[in-house]
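Student: Quick one: this structure, given as structure tokens, is what I'll be asking you about.
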2 protein chains.
Amino acid sequence: MSSVSIDNKTSWRVVVIGSGNVAEALAKALSRAEGVNLCQIFARNEVRGRELAALASTSWSNRVEELAAADLYIISVSDRAVEELSGSLPFADDAIVVHTAGSVAIDAIAHREGGRGILYAFQSFTAGVDVDFGEIPIFIEGDSAAVEERLRAFASKLTKRVYRADSELRRRIHLSGVFVNNFVNHLYAIGSDILSVEGLPFEILHPLIMETARKAICSHNPRSVQTGPAVRGDGEVCRRHTNMLSDNELAQRIYNDITNSIWETSKKI
Amino acid sequence: MSSVSIDNKTSWRVVVIGSGNVAEALAKALSRAEGVNLCQIFARNEVRGRELAALASTSWSNRVEELAAADLYIISVSDRAVEELSGSLPFADDAIVVHTAGSVAIDAIAHREGGRGILYAFQSFTAGVDVDFGEIPIFIEGDSAAVEERLRAFASKLTKRVYRADSELRRRIHLSGVFVNNFVNHLYAIGSDILSVEGLPFEILHPLIMETARKAICSHNPRSVQTGPAVRGDGEVCRRHTNMLSDNELAQRIYNDITNSIWETSKKI
């Protein structure tokens, strides 16, 4: 679904606004991308802002009157700050302004002549960890077909996986990410707790965690590689497990609901 | 916790009984291990039995009277078949007989002179996929200290991570594996479903799945890298997500349980 850039020859002047993990990952990737001139990191926090600017070989400012002229402003701040920030900065009139949040609608940015949109990179970013953007899906949305085409061309400089997603679809994509990222991590934590009560280290789970991820990815559909007592309908083992969790009501409820969901959905294959 | 082998110089004659994924992984690893002579694959299913024997450069039989003489018999069959099988085969008197199941007690093997025990490799094995055993934890149990020492020495030929676990502890370890393997895979499936309804392929989730696993493993404790609306206490996003799942009551319940568990446990850190 990626498209050939419609403006390979122009160089994009870009300002990244924010200094969180997404801002860092984008700034570093943009500093290496061809046809991109990362003009500035604009971020309230001076220490962190300067750190990002150094990582991305550009300058930093937190003074509104110093906001650099650019073709694209990427607002990468916490969900709640998008609206206020986008309403208060003196963007160049003909520039596109985008945010990077999975569950914030396009309206959070006030209507403007140059256009507004979204550039949602579907990955969990960590400060200090280098990321290969080439495989990461980027979902774009623009408030006009022209803006969308320009954002598609821009995103194609970072990854070969560019998709269009309006704000409602983007929210569903974000929801799928909550399951495979936030919720999966919580299951890792529960697994770790079960072992640590017995004095066993989290490392014991590492090979199984990696293999589970690898196996699902090699499958066409993770449902087809589902194993365990729930899909086998092994009620005796499931009951014993539930009893073992009697001192942890929250984990017990998760156990029962996922077991039930595995069993019910396996019948449909 | 791994120990120096107490019998580095003896060669273990081993028979693997069964032809499932665990049997395959063990047979292949044993065929490469030093100080191990894999004498036979003993398995009911001839096609699969011969296939495993070829993979592990050994012979195959399914005739009770042909069961090879060995120092160690590894019963690697479905949980329910362990007891019957271990009671019906003519093992060499002084041999140790073990099974490989996470949630089957040692008593499933009848008391015997040579000793009985467990060799539980804590990994999800897939037919046809080669596994590096070196990092995989193996949990051993024996019905005497002497048997346990011998099993520890044997397991050390496969991995540097050998631990002792009695049947009750092994069940808890198995339970932790259900969370990080079976349940995590089900969350991948739910994430995939959410996208497929919108015509988006599972591949979109691949980078996020791998990064989530990597990040947890690099952390000391997965709780310390928890992110998302639940840990932020972002009730608005959580409510919107719950509404989006209104056509899938099972997933909705899982969403609410895990969100609640993340929130409650995050307060304790």
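Note on naming: chains are A, B, ... as they come in the structure tokens, residues start from 1 per chain, ligands start from 1 in the order shown.
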Env of Ile258 of chain B: 10 Å cut, atoms = only C-alpha atoms, seq-sep filter 4 positions within chain, self excluded. Answer as a list in words.

Tutor: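 Those residues are Phe179, Asn182, Phe183, Val184, His186, Leu187, Leu250, Ala251, Arg253 and Ile254 of chain A; Ala230, Arg253, Ile254, Ile262, Trp263 and Glu264 of chain B.
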
Student: With only C-alpha atoms as the counted atoms, please give the residues lying no more than 12 Å from Ala108 of chain A, apart from itself and same-chain residues fewer than 6 positions off, as a PyMOL selection string.

Tutor: chain A and resi 75+79-87+97-101+116-118+167

Student: With only C-alpha atoms as the basis for distance, which of B:His174, B:Ala95, B:Lys157, B:Ile74 is at the shortest distance from Phe122 of chain B?

Tutor: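 Once distances to Phe122 of chain B are computed over only C-alpha atoms, the minimum belongs to B:His174.
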
Student: Could you find all residues in segment 16-133 of chain A that DSSP calls strand (DSSP E) from the backbone, and write them as a PyMOL selection string?

Tutor: chain A and resi 16-17+36-42+59-61+72-75+96-99+116-121

Student: Generate a file of the selected residues that holds N, CA, C and O atoms, formatted as a short mmCIF file (atom, residue, chain, number, x, y, z; two decimals), in the first residue's frame.

Tutor:
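Printed below is again.cif as written:
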```
data_model
loop_
_atom_site.label_atom_id
_atom_site.label_comp_id
_atom_site.auth_asym_id
_atom_site.auth_seq_id
_atom_site.Cartn_x
_atom_site.Cartn_y
_atom_site.Cartn_z
N VAL A 16 10.00 18.93 14.91
CA VAL A 16 9.37 17.98 15.84
C VAL A 16 9.09 18.71 17.14
O VAL A 16 10.00 19.32 17.73
N ILE A 17 7.83 18.65 17.57
CA ILE A 17 7.42 19.34 18.79
C ILE A 17 7.16 18.30 19.87
O ILE A 17 6.28 17.44 19.72
N VAL A 36 14.86 15.07 3.86
CA VAL A 36 14.26 15.68 5.05
C VAL A 36 15.30 16.57 5.71
O VAL A 36 16.44 16.17 5.90
N ASN A 37 14.88 17.76 6.03
CA ASN A 37 15.74 18.67 6.78
C ASN A 37 15.08 18.93 8.13
O ASN A 37 14.12 19.69 8.23
N LEU A 38 15.56 18.24 9.14
CA LEU A 38 14.99 18.41 10.48
C LEU A 38 15.53 19.71 11.07
O LEU A 38 16.68 19.78 11.51
N CYS A 39 14.68 20.74 11.06
CA CYS A 39 15.16 22.09 11.40
C CYS A 39 15.29 22.33 12.90
O CYS A 39 16.11 23.13 13.33
N GLN A 40 14.44 21.67 13.67
CA GLN A 40 14.36 22.05 15.08
C GLN A 40 13.62 21.00 15.90
O GLN A 40 12.69 20.34 15.40
N ILE A 41 14.07 20.87 17.16
CA ILE A 41 13.26 20.20 18.18
C ILE A 41 12.69 21.33 19.04
O ILE A 41 13.46 22.13 19.60
N PHE A 42 11.37 21.39 19.12
CA PHE A 42 10.73 22.40 19.95
C PHE A 42 10.11 21.68 21.14
O PHE A 42 9.19 20.87 20.98
N SER A 59 18.86 21.76 16.12
CA SER A 59 18.83 22.74 17.21
C SER A 59 17.57 22.55 18.05
O SER A 59 16.66 21.82 17.68
N TRP A 60 17.59 23.23 19.18
CA TRP A 60 16.46 23.12 20.10
C TRP A 60 15.98 24.51 20.49
O TRP A 60 16.78 25.45 20.58
N SER A 61 14.68 24.65 20.71
CA SER A 61 14.17 25.87 21.35
C SER A 61 12.90 25.55 22.12
O SER A 61 12.23 24.55 21.86
N LEU A 72 6.39 21.08 7.60
CA LEU A 72 5.63 20.10 8.38
C LEU A 72 6.01 20.24 9.85
O LEU A 72 7.18 20.22 10.21
N TYR A 73 4.98 20.37 10.68
CA TYR A 73 5.17 20.38 12.14
C TYR A 73 4.59 19.08 12.69
O TYR A 73 3.41 18.78 12.44
N ILE A 74 5.41 18.34 13.42
CA ILE A 74 4.94 17.07 13.98
C ILE A 74 4.80 17.25 15.49
O ILE A 74 5.80 17.35 16.21
N ILE A 75 3.56 17.28 15.95
CA ILE A 75 3.29 17.46 17.38
C ILE A 75 3.25 16.09 18.04
O ILE A 75 2.35 15.29 17.81
N ILE A 96 1.84 21.98 6.89
CA ILE A 96 0.93 20.96 7.42
C ILE A 96 1.30 20.74 8.88
O ILE A 96 2.47 20.67 9.24
N VAL A 97 0.27 20.63 9.74
CA VAL A 97 0.49 20.33 11.16
C VAL A 97 -0.13 18.97 11.46
O VAL A 97 -1.31 18.76 11.17
N VAL A 98 0.66 18.06 11.99
CA VAL A 98 0.13 16.73 12.33
C VAL A 98 0.41 16.40 13.79
O VAL A 98 1.32 16.96 14.40
N HIS A 99 -0.37 15.48 14.33
CA HIS A 99 0.00 14.90 15.62
C HIS A 99 0.25 13.41 15.42
O HIS A 99 0.02 12.87 14.31
N ARG A 116 -4.01 19.93 8.04
CA ARG A 116 -3.68 19.24 9.29
C ARG A 116 -3.86 17.74 9.07
O ARG A 116 -4.54 17.32 8.12
N GLY A 117 -3.28 16.98 9.94
CA GLY A 117 -3.37 15.54 9.74
C GLY A 117 -2.77 14.75 10.88
O GLY A 117 -2.52 15.29 11.97
N ILE A 118 -2.56 13.47 10.59
CA ILE A 118 -1.99 12.56 11.59
C ILE A 118 -0.91 11.70 10.95
O ILE A 118 -1.00 11.33 9.78
N LEU A 119 0.08 11.42 11.75
CA LEU A 119 1.17 10.53 11.36
C LEU A 119 1.35 9.61 12.56
O LEU A 119 2.02 9.96 13.53
N TYR A 120 0.70 8.43 12.48
CA TYR A 120 0.68 7.53 13.64
C TYR A 120 1.59 6.34 13.38
O TYR A 120 1.29 5.48 12.57
N ALA A 121 2.73 6.32 14.06
CA ALA A 121 3.68 5.21 13.91
C ALA A 121 3.28 4.13 14.91
O ALA A 121 3.26 4.37 16.11
#
```

Student: For the alpha helix (DSSP H) assignment from backbone DSSP, which residues of segment 163-249 of chain A qualify? Please present them as a PyMOL selection string.

Tutor: chain A and resi 167-177+184-196+206-218+229-232+235-244+249

Student: In Å, with one decimal, what is the gap from atom CA of Gly142 of chain B to atom CA of Arg44 of chain B?

Tutor: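 Answer for the atom CA of Gly142 of chain B to atom CA of Arg44 of chain B separation: 26.6 Å.
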
Student: One number please: atom CA of Gly177 of chain B to atom CA of Asp234 of chain A, in Å, one decimal.

Tutor: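 That distance, rounded to one decimal, is 15.6 Å.
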
Student: What separation in Å, quoted to one decimal, exists between atom CA of Lys160 of chain B and atom CA of Gly134 of chain B?

Tutor: 6.0 Å

Student: Pick the closest to Ala25 of chain A from A:Ala127, A:Ala110, A:Ile217, A:Val162: which is it, counting only C-alpha atoms?

Tutor: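 With only C-alpha atoms as the atom set, the closest residue is A:Ala127.
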
Student: Using only C-alpha atoms, which residue out of A:Ser219, A:Thr212, A:Asn248, A:Ser224 lies closest to chain B?

Tutor: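 Of A:Ser219, A:Thr212, A:Asn248, A:Ser224, the one nearest chain B is A:Thr212, counting only C-alpha atoms.
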
Student: Tell me, as a list in words, which residues lie within 8 Å of Ile194 of chain B, counting only C-alpha atoms; anything in the same chain fewer than 4 positions away does not count.

Tutor: Arg172, Ile173, Leu175 and Ser176 of chain A; Ile190 and Glu198 of chain B

Student: Print the selection's residues with C-alpha atoms to a file, as a tab-separated table (two decimals), in the first residue's frame.

Tutor:
```
chain	number	residue	atom	x	y	z
A	172	ARG	CA	-9.43	0.54	16.39
A	173	ILE	CA	-5.80	0.05	15.41
A	175	LEU	CA	-7.11	-0.80	20.49
A	176	SER	CA	-5.49	-3.81	18.79
B	190	ILE	CA	-7.90	-10.82	19.52
B	198	GLU	CA	-11.28	-3.62	9.02
```

Student: Identify, on the basis of only C-alpha atoms, every residue whose closest approach to Val225 of chain B does not exceed 9 Å; exclude the query and any residue fewer than 5 positions from it along the same chain; express the result as a ChimeraX atom specification.

Tutor: /A:185 /B:215-216,219
